[in-house]
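> Pasting a structure here, questions to come.
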Protein chains: 4
Amino acid sequence: MDSVIMIMHERPELRAPILIEGLPGVGNVGKLAAEHLVEQVKAVKFADIYSKHFPPQVLLDDDGVIRLVNNELHYYRGEGDRPDIIIMTGDYQGMTPDGQYELSHHAIKVCKDLGVSRIYTLGGYGVGKIVERPRVLGAVTDISLCEEMTKHGVIFSKGEPGSGIVGASGLMLGFGKIEGIPAVCLMGETSGYFVDPKGAEAVLRVLMSLMHIELDLTALTDKAEQIDMIASKLKEAETPDVPKREDLGYIG
Amino acid sequence: MDSVIMIMHERPELRAPILIEGLPGVGNVGKLAAEHLVEQVKAVKFADIYSKHFPPQVLLDDDGVIRLVNNELHYYRGEGDRPDIIIMTGDYQGMTPDGQYELSHHAIKVCKDLGVSRIYTLGGYGVGKIVERPRVLGAVTDISLCEEMTKHGVIFSKGEPGSGIVGASGLMLGFGKIEGIPAVCLMGETSGYFVDPKGAEAVLRVLMSLMHIELDLTALTDKAEQIDMIASKLKEAETPDVPKREDLGYIG
Amino acid sequence: MDSVIMIMHERPELRAPILIEGLPGVGNVGKLAAEHLVEQVKAVKFADIYSKHFPPQVLLDDDGVIRLVNNELHYYRGEGDRPDIIIMTGDYQGMTPDGQYELSHHAIKVCKDLGVSRIYTLGGYGVGKIVERPRVLGAVTDISLCEEMTKHGVIFSKGEPGSGIVGASGLMLGFGKIEGIPAVCLMGETSGYFVDPKGAEAVLRVLMSLMHIELDLTALTDKAEQIDMIASKLKEAETPDVPKREDLGYIG
Amino acid sequence: MDSVIMIMHERPELRAPILIEGLPGVGNVGKLAAEHLVEQVKAVKFADIYSKHFPPQVLLDDDGVIRLVNNELHYYRGEGDRPDIIIMTGDYQGMTPDGQYELSHHAIKVCKDLGVSRIYTLGGYGVGKIVERPRVLGAVTDISLCEEMTKHGVIFSKGEPGSGIVGASGLMLGFGKIEGIPAVCLMGETSGYFVDPKGAEAVLRVLMSLMHIELDLTALTDKAEQIDMIASKLKEAETPDVPKREDLGYIG
């Protein structure tokens, strides 16, 4: 069995498309953003990616119909000054380091095959506390991209993230650089404690500016407000008499 | 060494056979059911499947004769309106996620090669408490199968199992769907605490109805009664003064 | 890199040789016995086996000269009624289940290539207490071997070992059976607490009888006495006031 | 995806070069020494080595430009009696045993391809206490190298290191020996508690003598002094009333 299996249902002819990757990760920022984008631009699924590096699992819909866990490719044909876009989202990232490499290596091969002209990988940047107005931090494959990104509100901050970028959002930049495809990682700040639609919103605002597209972000804003409410209730519950979560670390 | 090695002792010519898979899992429901079926229909073993994804172990019979741990294929030729059947059972499932993928991928390749027209995978659905009358839950590769299954007593319950299906019983549906082989997972409810012949019995009753076969389930019923007796004795022993197992969760 | 690399320094022409395997394991019984045999019959090393399934380690001799950890093949040409023998010993077994499979599968391929007519794998059978007169338990690939083995003092005891045989000594029987090479596992009883020359001695006595060879076992007997002495001193030290090792389990 | 990917930017023609390997390890001695050597001789990077056996990670520079974690090859053309040198350094060693094997096996293939005439692998030898004047211990592929090394201050000490050498510094000797490339491991003594420039300095002094090169070691000496200062402050802080780190081991 090949370590990655792609089934392409349709081979779209696209004009130097931009690939946007958003898979599960810190605060689920990347996945939330990418899925919201798919919905809003009504992108069309054209490929399923299966891999033995995903969990050995099928998921069920409400009728009891299964599907094998996967990653998916969707396309959107831009009009006017809007570019053609491929959106990669999915249930999981590779579960092991070498699985991560295999999957990202495969994704870049697909990019080359489809003539992808630029990659944006989306992720969360966990800062360990609630963030009121999340910044979007950037990382690039070439210094020439910094200036352009800065114009669209992306922040390049020396030493952030200090430990580099781990997983698909990092590796696709790494392999993109090797293969000569310009690539940018957009990281929305997030506490890292919750699924974070606010971080996803921040990332999408940058993408809207970069790609001249309009997206209705209401659904994300609503979800973000709900989570804010839950978070502040949890905070109230933490009276001075009750030890904070951190203090209980020794329990296990 | 190939990651899966199949040794076919005989190549049976079968008429669009149905494959039934029952390997070790929750409550051992699938394995119990599949092995009982092999015995009752006097199915003939025709293939051994070995894999480096199984434990590196040989088992001994009472005379000290060994055999390498394996999965096995058995066939049964139906008569009248009874279909030809292939039964897959064995000592283990793959021990790692990628092993699970390799083995299920191989099994589906074998299905295609032998002209399998439908797959039933058997498993247990752990509900965490003793079940008096286990239901049989279903999952399917195509919504058109739901109605047929419902007629034979299979229950489709939204959100059950919530985390999907993990292991061979799930993956064989996943790959079956990709390869165009209709497939159904039949999950007998079980506490998940014991080996559960009652869950196996429930699953077999559905299969009997589906395939127009008669099976003597006495052996399973007897085993189920014995286990019920042990379980109720264990329950009695739990006097009010003694904390229940769950309450001790924090210890270990 | 191939998962197993064999470097054959010489290709001995042997008459239907018997392969004897003794690698590290319970009580190190197999390795002790095989190494003692190599010394006593002055067997000649003819092949080194390296593998990425061994630890990534080199060992140093007293001069600081390294060698990559390995398994080794040695041959001995029998005279008269003594058979030609290949002895497989080494530093490690495969460290992972699939490594175990790869290495045993490779070993059996080598057996076929060299015309091996029978395999004896040597191991320890851990019984969890000091054994005065270790029995040698047997496991075979075919029931026809039981009678012959019993004549040479091998014991076949229903349900022992109950969990089958794990590792190279088991897998080489498993693959031997598949490939049609008769194979026997000889397991010397051992506490499993110490390296156990007494278990090795018991196994070698069976091999001496089976292969019409004479071995000086003094060195093993001496080592066994030393270890017996240490063991009985440890036992004395366990006065009633001092908790036994088992009782201290919660510390570490 | 190949398990190791090398991208050679330039193919230097070198005269029987010496390969020096220094990757992260005990006290980071090897990596510190190799990187200092690259800087001092102004070696030129000519190849990047990527692998799925490294962590799935990209690192960022101060501008936010990423690079995939790697190992690197640099060359230096010697003049007069100074040899041509290839220096191998990098971010990581392989993360798994089989990754270690794959990477070292690949490195030796590269050595053969580039006509490498000798290998020095650099590492730390952890002794578990602060070392005032670190010795440099040696290990070799052939006894004929011992005498030469001893002349340059390398110490061969029976039974040190007792457990052999683990990782790239060991495996490259192991594969070097198999492929007929003379190889030496130079291990600078180090506590193993800190990154240790003093151990790196000791190792470089041996290399300077061996290769007739002059290196300015001031930067390493300075760093070593800083670390000595921190270490002695930490020691002062350990007053008799405060339990030592070891005593707290049971906390976890």
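Residues in the structure tokens are named by chain (A, B, ... in the order shown) and by number from 1 within that chain; ligands are numbered from 1 in the order shown.
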Within 9 Å of chain D, which residues of chain A are there when counting only C-alpha atoms? Please give them as a PyMOL selection string.

chain A and resi 96-102+105-106+138-143+146+156-168+170-171+173-175+177-178

> List the neighbours of range 126-128 of chain A out to 12 Å using only C-alpha atoms; skip same-chain residues closer than 2 positions along the sequence, and give me the result as a PyMOL selection string.

chain A and resi 25-29+123-124+130-132+134-137+160-163+165+187-196+199+246

> I want to know what sits within 9 Å of His212 in chain A, based on only C-alpha atoms, with residues of the same chain fewer than 3 positions away left out; could you give that as a list in words?

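Skipping anything fewer than 3 positions along the chain leaves Asp81, Arg82, Pro83, Leu207, Met208 and Ser209 of chain A.
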
> Next, dump the selected residues to file, keeping only C-alpha atoms, as a PDB file, in the first residue's frame.


ATOM      1  CA  ASP A  81      -8.519  40.137  -9.940  1.00  0.00           C
ATOM      2  CA  ARG A  82      -9.336  37.212  -7.699  1.00  0.00           C
ATOM      3  CA  PRO A  83      -6.971  34.278  -8.145  1.00  0.00           C
ATOM      4  CA  LEU A 207      -6.361  36.306   3.174  1.00  0.00           C
ATOM      5  CA  MET A 208      -9.272  38.545   2.120  1.00  0.00           C
ATOM      6  CA  SER A 209      -6.877  41.427   1.713  1.00  0.00           C
TER       7      SER A 209
END

> Considering only C-alpha atoms, return as a compact mmCIF listing (two decimals) with N, CA and C atoms, in the first residue's frame whatever protein or nucleic-acid residues lie within 10 Å of Ala219 in chain A, sequence-local ones (same chain, fewer than 3 positions apart) excluded.


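Output file selection.txt follows:
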# COMPACT_ATOMS: atom_id res chain seq x y z
N HIS A 36 -14.10 27.45 6.67
CA HIS A 36 -14.97 28.61 6.46
C HIS A 36 -14.80 29.16 5.04
N PRO A 197 -12.21 30.43 17.00
CA PRO A 197 -12.69 31.07 15.77
C PRO A 197 -12.16 32.49 15.60
N GLU A 201 -10.62 34.00 12.28
CA GLU A 201 -11.12 35.24 11.68
C GLU A 201 -9.96 36.17 11.30
N ASP A 216 -18.05 36.54 4.30
CA ASP A 216 -18.93 36.85 5.43
C ASP A 216 -18.38 36.09 6.64
N ASP A 222 -19.75 34.85 15.57
CA ASP A 222 -20.74 34.31 16.51
C ASP A 222 -20.12 33.22 17.39
N LYS A 223 -19.47 32.28 16.74
CA LYS A 223 -18.83 31.19 17.50
C LYS A 223 -17.82 31.76 18.50
N ALA A 224 -17.06 32.76 18.05
CA ALA A 224 -16.04 33.35 18.92
C ALA A 224 -16.69 33.96 20.15

> Would you mind listing what lies within 12 Å of Ile85 in chain C as JSON, numbers by chain, with only C-alpha atoms counted and same-chain residues fewer than 4 positions away left out?

{"C": [12, 13, 14, 15, 16, 17, 18, 19, 20, 21, 34, 37, 38, 41, 42, 43, 44, 45, 73, 74, 75, 76, 77, 78, 79, 111, 114, 115, 116, 117, 118, 119, 120, 207, 211, 212, 213]}

> Give me every strand (DSSP E or B) residue in range 85-252 of chain D, going by DSSP on the backbone, as a PyMOL selection string.

chain D and resi 85-90+118-126+136-140+155+165-166+183-190
